[in-house]
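Chemist: Dumping the structure here so I can ask a few things about it.
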Amino acid sequence: MMRRTLPTAAIGAVLWAGCLALPIFLDSAWISIAAIFAIYAIVALSQDVVLGRAGLYDMGHAVYFGIGAYATAVLNVGFGWPILATLPVAIVGAALVGAVFAAPIIRLRGDYLLVATIGLNAIFVLAMRNDLGGLTGGSDGIPGLGVPSLFGLQIESQSALFWFDWVLLGVVLLVMRNLDRCELGRALRYLKQDQLAASTLGVDARRTKILAFALGAGLAGLAGTLFAVQISTVSPSSFVFTESVTLFAIVIVGGQGSIPGVLLGTALMFVVPQIFREFAQYRYFIFGIAMIAVMVLRPQGLWPRARLAR
Amino acid sequence: MIKKFMIGGASAIAILASGCIAQAAPPIRIGVQAPITGTYADEGQGIEKAVKLLAEQQNAKGGLLGRKIEIKVCDDEGKAAQAAICARQLADAHVVAVVGSYTSGAALAAQPIYARANIIQTSDGTSNKLIARGYKTWFGNAAPNSAEAKFTAHYMVDVRHFKRTAVLTDHSSFATGLADSVVKDVKADHGKIIDKAFINAGSQNFTPVLTKLKSLHPDAIYFSGYYSDGGLIRAQMVQLGIKAAFVGGDANQNVAFGKIAGAAAKGAVIINVPAPQDLPYPVAKQFVAAYQAKYHALPPSVFTLTNADGMRAVMQAIEATHSVKPAKLENYLHHLKNFQGLTGTFAWNGRGKRIGSPFTAFEVGADGGYTIVYPAPSAG
Amino acid sequence: MGTFIQQVINGLTVGGIYALIALGYTMVYGVLRLINFAHGDLCILGAFVGLTMLSGALGGGHPGPALVLLAFVVAVIAISVAGVALEFVAYRPLRKADRLAAVVSALGASMLIENGIMLIWGPEVRVFPSGLLPATTWHVAGASISFVEVMIIIVSVVLMAALYGFVNHTRFGTAIRAAAIDQDAARLMGINVNRVISSVFVIGPALGAVGGLFIGLYYREAYFTMGWTYGLNAFIAAIIGGIGNIPGAMLGGVLLGLFNAFAAGYVSSSWQNAITFALLIAILLIRPSGLLGERVAEKV
């Protein structure tokens, strides 16, 4: 396993560093596509923690993405907090909500958990639309977010925002890589392979799964902040159920538990439709065919996780 | 920026191809940002078709300032993230102005980008948040909720003397905004709002909430949402035996409203600026006829026409100022008085809010046609 | 009291439609453990096929119940064919793969059908012709019920009873149940499992097409994004009842219809969906395998 992952990681690191130079070559539309790619990649990786690694069918992951975005928007626009100060709140807030939601529903199996998370997504969106506590701005959402500033420097230009997003993507990639090696990652792997055996070895299934959910939700919350800053407006329609479905599909299309797979999946599900724009109204018709074709040709995903020693 | 195109291969070929005459100038690009796919595809494609039709008509007359108009469309799917990407793409394409988007949410996400790039944006978005920042590039082309709500409250309280009004809305930004304004203005006119209730747009099953409203005995049910739901609400009201009058906001005005409601459509009242075919201006009738001839369908809604008005205003500004400079065009549009729109005569205030919308109340007939019931049509 | 009876009627009508669509989910799931996310779109495709029949033939001047019956027959046949084709292209190659691969394939199929409808029939709201069915409405005890509503409730009940009888009391029904329990064992017993699977993709979409056309006749409008909404509701109904369980799907559909009606009617229309989903999650916490579902180990 080590022999395979090390070179991949090294190549990945070089690729990531190379991507940092992208703003020099791209026009402004593609810089924002690349920046939003990084944001969606973080959410997709966080979905992978829950779905691909913990094996929990979470089809409401846009909730945690939304909580991060709303936390930043409410604190920045409503209370004048600097963007970077809202970041920890977004992460911890989303993680806490994730843990609280997960605690009761975690014992549901497979498809029943899936429906429960769909339900949570619907409740979240409706709560935002109904202007919860007079804070969330109803259907319009919250426009007019500020920009982050770091050591007195405003991260305002598109290239600066791009670097901001990509540096944080790099951090998340490191977290994901270390997850494979730490206790939580190992416990998740055992649980996914054989819950009964793992339990007899002393893995606390419930605690491990809730932790995974909280970690996934927290990372999604981080991405939420980045999203809010990038679009400078936050509204309920960005976090609806169909967005959760897309995140779910990214992980399966890319390859569960595989970092390069999830990145490829994000590229396929988010960047390819941008290229397909030429097809106008035929775009998603063709895209639907492509999705079926990918799954039929590569049922394990585009870049499956390296086989682990049993 | 324009110099870039002069040396661009495409225009060079265009010059060679057109061979002669005064075609040497590069085209004037106008962007359309609209939902071409997804839930609002109908409306988005309507905006695209209307703008392309106007450009085609103008190009047949020799274009603008001797230059052809070129339309560049970007599908924002009605989503904020896509809207931001579209705004950058259209800015990169050096468009002079952008028509759209359809939803307030997508317009809001794109607005700061257009403002920074100094590109005029004209959209049917009516959210108050769109004018809050007072961008000089923003020109809302739909009648603002406030004006419509005032007229609606006046009509319902003073003209029809409704004592008990129930307000029904969906969760969209547009409809909730309009419903809130109507509630406020009806109360200000000393009318009584007995309930404000919600439907799930597109769920089709509105009998539960209507049954509840029935038990409250309203004189009128006001619905601020869209025609596809409005027609069904009217039909289900009649089916449930609700005697209350139906008054609908401007988004109910669509040929499909009468068809969906069927026989129940009769007597429903819709509040809007006059329909193009009822306007005295020949230009409005001509436009709808041309649209129908080209696309074999009526424009999907009044917002197709308000966006067409945005496009027409921009073209008029370019012609009048002999310029495509944003500052000049913005100045012209801000000082434009009595713009002859397809949807009535209007102007813009300093924040880009549409001023002047001659609202009327229509009654839907058994044949699905409209008659103006208020203000009483004057002779001639 | 009239209001209460009316809300029950409201709930039963839409619940009947949900139940018909939910049966398609639950039958496919029972045999293949596959959530066929394209099912809702297939149903709406049925509505559009029916619409073309109804409005195309109307030009000939023979509206009325006979034409409606013909539209049902054509829609049912067309959607069954589409269902079998879908299984063959998008699901059969994935039968041995991770089950989530087939779920994503289904999502792709949903996108394909939905946008296909938009390309063929346009993005606008399409309206069904009026006067096809009697517009009679009966008013009883302060509540009212229309001919179409009675038709929906009766036909749904009859179809569901027929399906229940077919699955439980015929040879082929036994084969379906056997394949649902253990495909390999069923194959060893001489059951043609591929035929069983194809039959499930005939029956489910056929019932869905009936549901879809009911939607068109009842609400008299159809548009391309509708399939997703109805599909999701029906899927939820199947889950409430215990997915894979036929009476469960019927119970779930009716309960979901009633939840919706009571949430909007008696609690809060602005929170209608949230209330419905909260109830749903509560049911799952009390009965983690749905109301009528059995506690079985999940296939992974």
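Letters A, B, ... go to the chains of the structure tokens in the order shown; residues in each chain start at 1; ligands are counted from 1 in the same order.
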Near chain B, which residues of chain A fall within 9 Å when you count only C-alpha atoms, and what do they look like as a PyMOL selection string?
Modeler: chain A and resi 27-30+32-33+36+126+129-130+138-144+227+230-235+237-238+277+280-284
Chemist: I need the residues from that last selection saved to file as a PDB file, in the first residue's frame (with C-alpha atoms), if you can.
Modeler:
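Output (out.pdb):
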```
ATOM      1  CA  ASP A  27      -9.119  34.132 -18.253  1.00  0.00           C
ATOM      2  CA  SER A  28     -11.251  35.379 -15.404  1.00  0.00           C
ATOM      3  CA  ALA A  29     -14.175  33.020 -16.053  1.00  0.00           C
ATOM      4  CA  TRP A  30     -11.878  30.008 -15.890  1.00  0.00           C
ATOM      5  CA  SER A  32     -13.441  31.379 -11.023  1.00  0.00           C
ATOM      6  CA  ILE A  33     -14.303  27.942 -12.384  1.00  0.00           C
ATOM      7  CA  ILE A  36     -15.064  26.978  -7.376  1.00  0.00           C
ATOM      8  CA  LEU A 126     -37.091  25.426   4.343  1.00  0.00           C
ATOM      9  CA  ARG A 129     -36.324  30.187   3.269  1.00  0.00           C
ATOM     10  CA  ASN A 130     -38.569  30.942   6.229  1.00  0.00           C
ATOM     11  CA  GLY A 138     -35.475  34.315   3.533  1.00  0.00           C
ATOM     12  CA  SER A 139     -35.482  33.261  -0.099  1.00  0.00           C
ATOM     13  CA  ASP A 140     -33.251  36.146  -1.170  1.00  0.00           C
ATOM     14  CA  GLY A 141     -30.564  34.973   1.190  1.00  0.00           C
ATOM     15  CA  ILE A 142     -27.793  37.304   2.319  1.00  0.00           C
ATOM     16  CA  PRO A 143     -25.965  39.361  -0.302  1.00  0.00           C
ATOM     17  CA  GLY A 144     -22.986  41.659   0.045  1.00  0.00           C
ATOM     18  CA  PHE A 227     -18.201  29.473  -1.219  1.00  0.00           C
ATOM     19  CA  GLN A 230     -16.384  33.482  -3.684  1.00  0.00           C
ATOM     20  CA  ILE A 231     -19.998  34.217  -4.660  1.00  0.00           C
ATOM     21  CA  SER A 232     -20.367  37.068  -2.123  1.00  0.00           C
ATOM     22  CA  THR A 233     -24.005  36.112  -1.684  1.00  0.00           C
ATOM     23  CA  VAL A 234     -25.581  33.176   0.126  1.00  0.00           C
ATOM     24  CA  SER A 235     -29.043  31.902  -0.715  1.00  0.00           C
ATOM     25  CA  SER A 237     -31.036  27.488  -3.535  1.00  0.00           C
ATOM     26  CA  SER A 238     -27.289  26.792  -3.400  1.00  0.00           C
ATOM     27  CA  ARG A 277     -21.998  24.895 -22.470  1.00  0.00           C
ATOM     28  CA  ALA A 280     -26.967  24.733 -24.683  1.00  0.00           C
ATOM     29  CA  GLN A 281     -30.229  22.956 -23.842  1.00  0.00           C
ATOM     30  CA  TYR A 282     -28.812  19.552 -24.870  1.00  0.00           C
ATOM     31  CA  ARG A 283     -26.198  19.856 -22.168  1.00  0.00           C
ATOM     32  CA  TYR A 284     -27.704  17.787 -19.373  1.00  0.00           C
TER      33      TYR A 284
END
```
Chemist: List every residue of stretch 202-356 of chain B that DSSP, applied to the backbone, labels as alpha helix (DSSP H), and write the result as a ChimeraX atom specification.
Modeler: /B:207-214,227-239,255-261,282-295,302-321,326-334
Chemist: Here is a test: counting only C-alpha atoms, which residue of C:Leu255, C:Leu292, C:Leu23, C:Ile236 is nearest to chain A?
Modeler: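 Answer, going by the shortest atom-to-atom distance: C:Ile236.
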Chemist: Restrict the calculation to only C-alpha atoms, then for each residue of chain C with any atom at most 6 Å from an atom of chain A give the closest atom pair and their distance in Å to one decimal, rows by chain and rising residue number, as JSON lines.
Modeler:
```
{"residue": "C:Ala101", "atom": "CA", "partner": "A:Pro299", "partner_atom": "CA", "distance": 5.6}
{"residue": "C:Val104", "atom": "CA", "partner": "A:Ala249", "partner_atom": "CA", "distance": 5.8}
{"residue": "C:Ser105", "atom": "CA", "partner": "A:Ile292", "partner_atom": "CA", "distance": 4.6}
{"residue": "C:Gly108", "atom": "CA", "partner": "A:Gly288", "partner_atom": "CA", "distance": 4.2}
{"residue": "C:Ala109", "atom": "CA", "partner": "A:Gly288", "partner_atom": "CA", "distance": 5.9}
{"residue": "C:Met111", "atom": "CA", "partner": "A:Gly288", "partner_atom": "CA", "distance": 5.0}
{"residue": "C:Leu112", "atom": "CA", "partner": "A:Gly288", "partner_atom": "CA", "distance": 4.5}
{"residue": "C:Asn115", "atom": "CA", "partner": "A:Phe285", "partner_atom": "CA", "distance": 5.1}
{"residue": "C:Ala274", "atom": "CA", "partner": "A:Ile123", "partner_atom": "CA", "distance": 4.6}
{"residue": "C:Phe277", "atom": "CA", "partner": "A:Gly119", "partner_atom": "CA", "distance": 5.0}
{"residue": "C:Ile281", "atom": "CA", "partner": "A:Ala116", "partner_atom": "CA", "distance": 5.6}
{"residue": "C:Pro288", "atom": "CA", "partner": "A:Leu108", "partner_atom": "CA", "distance": 5.8}
```
Chemist: How about saving the chosen residues, N, CA and C atoms kept, as a PDB file, in the first residue's frame?
Modeler:
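Full text of again-v4.pdb as output:
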```pdb
ATOM      1  N   ALA C 101     -23.073   2.150  -7.512  1.00  0.00           N
ATOM      2  CA  ALA C 101     -22.789   2.433  -8.921  1.00  0.00           C
ATOM      3  C   ALA C 101     -24.096   2.474  -9.710  1.00  0.00           C
ATOM      4  N   VAL C 104     -26.032   5.701  -9.031  1.00  0.00           N
ATOM      5  CA  VAL C 104     -25.558   6.863  -9.795  1.00  0.00           C
ATOM      6  C   VAL C 104     -25.954   6.720 -11.266  1.00  0.00           C
ATOM      7  N   SER C 105     -25.913   5.499 -11.764  1.00  0.00           N
ATOM      8  CA  SER C 105     -26.382   5.257 -13.125  1.00  0.00           C
ATOM      9  C   SER C 105     -27.857   5.674 -13.245  1.00  0.00           C
ATOM     10  N   GLY C 108     -28.115   9.341 -13.498  1.00  0.00           N
ATOM     11  CA  GLY C 108     -27.823   9.751 -14.875  1.00  0.00           C
ATOM     12  C   GLY C 108     -29.026   9.527 -15.779  1.00  0.00           C
ATOM     13  N   ALA C 109     -29.691   8.381 -15.585  1.00  0.00           N
ATOM     14  CA  ALA C 109     -30.866   8.080 -16.398  1.00  0.00           C
ATOM     15  C   ALA C 109     -31.973   9.095 -16.137  1.00  0.00           C
ATOM     16  N   MET C 111     -31.599  12.208 -15.264  1.00  0.00           N
ATOM     17  CA  MET C 111     -31.211  13.445 -15.958  1.00  0.00           C
ATOM     18  C   MET C 111     -31.492  13.326 -17.456  1.00  0.00           C
ATOM     19  N   LEU C 112     -31.174  12.146 -17.990  1.00  0.00           N
ATOM     20  CA  LEU C 112     -31.379  11.880 -19.411  1.00  0.00           C
ATOM     21  C   LEU C 112     -32.865  11.967 -19.789  1.00  0.00           C
ATOM     22  N   ASN C 115     -34.362  15.667 -19.262  1.00  0.00           N
ATOM     23  CA  ASN C 115     -33.962  16.607 -20.307  1.00  0.00           C
ATOM     24  C   ASN C 115     -34.437  16.152 -21.679  1.00  0.00           C
ATOM     25  N   ALA C 274     -41.214  20.563   6.074  1.00  0.00           N
ATOM     26  CA  ALA C 274     -40.370  20.276   7.234  1.00  0.00           C
ATOM     27  C   ALA C 274     -41.117  19.384   8.214  1.00  0.00           C
ATOM     28  N   PHE C 277     -41.271  15.835   6.825  1.00  0.00           N
ATOM     29  CA  PHE C 277     -39.995  15.138   6.937  1.00  0.00           C
ATOM     30  C   PHE C 277     -39.648  14.824   8.392  1.00  0.00           C
ATOM     31  N   ILE C 281     -38.786  11.152   9.770  1.00  0.00           N
ATOM     32  CA  ILE C 281     -37.590  10.756  10.520  1.00  0.00           C
ATOM     33  C   ILE C 281     -38.003  10.126  11.845  1.00  0.00           C
ATOM     34  N   PRO C 288     -36.940   1.392  12.515  1.00  0.00           N
ATOM     35  CA  PRO C 288     -35.801   1.659  11.612  1.00  0.00           C
ATOM     36  C   PRO C 288     -35.908   0.966  10.257  1.00  0.00           C
TER      37      PRO C 288
END
```
Chemist: Using only C-alpha atoms, what table do you get, as JSON lines, when you list each residue of chain B with an atom no more than 6 Å from chain C, its nearest pair of atoms, and their distance in Å rounded to one decimal, rows by chain then rising number?
Modeler:
```
{"residue": "B:Ala41", "atom": "CA", "partner": "C:Pro123", "partner_atom": "CA", "distance": 5.8}
{"residue": "B:Asp42", "atom": "CA", "partner": "C:Pro123", "partner_atom": "CA", "distance": 4.6}
{"residue": "B:Ala197", "atom": "CA", "partner": "C:Ser269", "partner_atom": "CA", "distance": 5.7}
{"residue": "B:Phe198", "atom": "CA", "partner": "C:Ser270", "partner_atom": "CA", "distance": 4.9}
{"residue": "B:Pro208", "atom": "CA", "partner": "C:Ala261", "partner_atom": "CA", "distance": 4.7}
{"residue": "B:Val209", "atom": "CA", "partner": "C:Gly265", "partner_atom": "CA", "distance": 5.4}
{"residue": "B:Lys212", "atom": "CA", "partner": "C:Gly265", "partner_atom": "CA", "distance": 5.1}
{"residue": "B:Leu240", "atom": "CA", "partner": "C:Ser144", "partner_atom": "CA", "distance": 5.8}
{"residue": "B:Ile260", "atom": "CA", "partner": "C:Val127", "partner_atom": "CA", "distance": 6.0}
```
Chemist: Choose the residue, out of C:Gly64, C:Pro247, C:Gly46, C:Gly15, that has the smallest atom-to-atom separation from C:Pro205; count only C-alpha atoms.
Modeler: C:Gly46
Chemist: Using only C-alpha atoms, which residue out of A:Lys209, A:Phe101, A:Leu51, A:Trp163 lies closest to A:Ile24?
Modeler: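 Of the candidates, the smallest distance to A:Ile24 is held by A:Trp163.
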Chemist: Quick one: residues within 12 Å of B:Gln57, only C-alpha atoms counted, chain neighbours fewer than 4 positions away excluded, as a list in words?
Modeler: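 Residues meeting the cut-off are Ala50, Val51, Lys52, Leu53, Lys61, Gly62, Gly63, Leu64, Lys68, Ile69, Gln286, Phe287, Ala290, Tyr291, Lys294, Arg312 and Met315 of chain B.
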Chemist: If you keep C-alpha atoms, can you produce a file of those selected residues as a PDB file, in the first residue's frame?
Modeler:
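selection.pdb was written with the following content:
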```pdb
ATOM      1  CA  ALA B  50     -36.805  37.383 -27.276  1.00  0.00           C
ATOM      2  CA  VAL B  51     -33.358  38.956 -27.168  1.00  0.00           C
ATOM      3  CA  LYS B  52     -32.210  37.044 -30.243  1.00  0.00           C
ATOM      4  CA  LEU B  53     -35.347  38.090 -32.094  1.00  0.00           C
ATOM      5  CA  LYS B  61     -32.184  47.043 -40.404  1.00  0.00           C
ATOM      6  CA  GLY B  62     -28.409  47.345 -40.571  1.00  0.00           C
ATOM      7  CA  GLY B  63     -27.532  46.801 -36.936  1.00  0.00           C
ATOM      8  CA  LEU B  64     -26.509  49.485 -34.467  1.00  0.00           C
ATOM      9  CA  LYS B  68     -24.019  43.963 -36.215  1.00  0.00           C
ATOM     10  CA  ILE B  69     -25.350  42.853 -32.855  1.00  0.00           C
ATOM     11  CA  GLN B 286     -45.717  43.632 -33.589  1.00  0.00           C
ATOM     12  CA  PHE B 287     -43.241  42.105 -31.196  1.00  0.00           C
ATOM     13  CA  ALA B 290     -43.060  38.369 -34.655  1.00  0.00           C
ATOM     14  CA  TYR B 291     -42.223  36.166 -31.661  1.00  0.00           C
ATOM     15  CA  LYS B 294     -40.646  32.797 -35.412  1.00  0.00           C
ATOM     16  CA  ARG B 312     -34.755  47.524 -26.368  1.00  0.00           C
ATOM     17  CA  MET B 315     -30.310  49.349 -28.070  1.00  0.00           C
TER      18      MET B 315
END
```
Chemist: Write out as a PyMOL selection string which residues come within 12 Å of stretch 150-152 of chain B when counting only C-alpha atoms, dropping same-chain ones fewer than 2 positions away.
Modeler: chain B and resi 143-148+154-160+162+165+167+178-189+191+222-224+247-250+269-273+356-362+374-375
Chemist: Just checking: using only C-alpha atoms, which residue out of B:Gln253, B:Ser215, B:Ser101, B:Thr306 ends up closest to B:Phe346?
Modeler: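 Of the candidates, the smallest distance to B:Phe346 is held by B:Thr306.
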Chemist: Within stretch 23-262 of chain A, find each residue whose DSSP state, derived from the backbone, is strand (DSSP E or B), and express the selection as a PyMOL selection string.
Modeler: chain A and resi 142-143+149-150+153-154+233-234
Chemist: Tell me, in Å to one decimal, how far atom CA of C:Ile181 is from atom CA of C:Leu32.
Modeler: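 Separation of atom CA of C:Ile181 and atom CA of C:Leu32: 10.0 Å.
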Chemist: Neighbours of B:Ser123 within 9 Å (only C-alpha atoms; same-chain residues fewer than 3 positions away dropped), as a list in words?
Modeler: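 Returned residues: Val98, Val99, Gly100, Ser101, Tyr102, Thr103, Ser104, Ala107, Thr126, Trp138, Phe139, Gly140, Asn141, Ala142, Phe303, Thr306, Asn307 and Gly310 of chain B.
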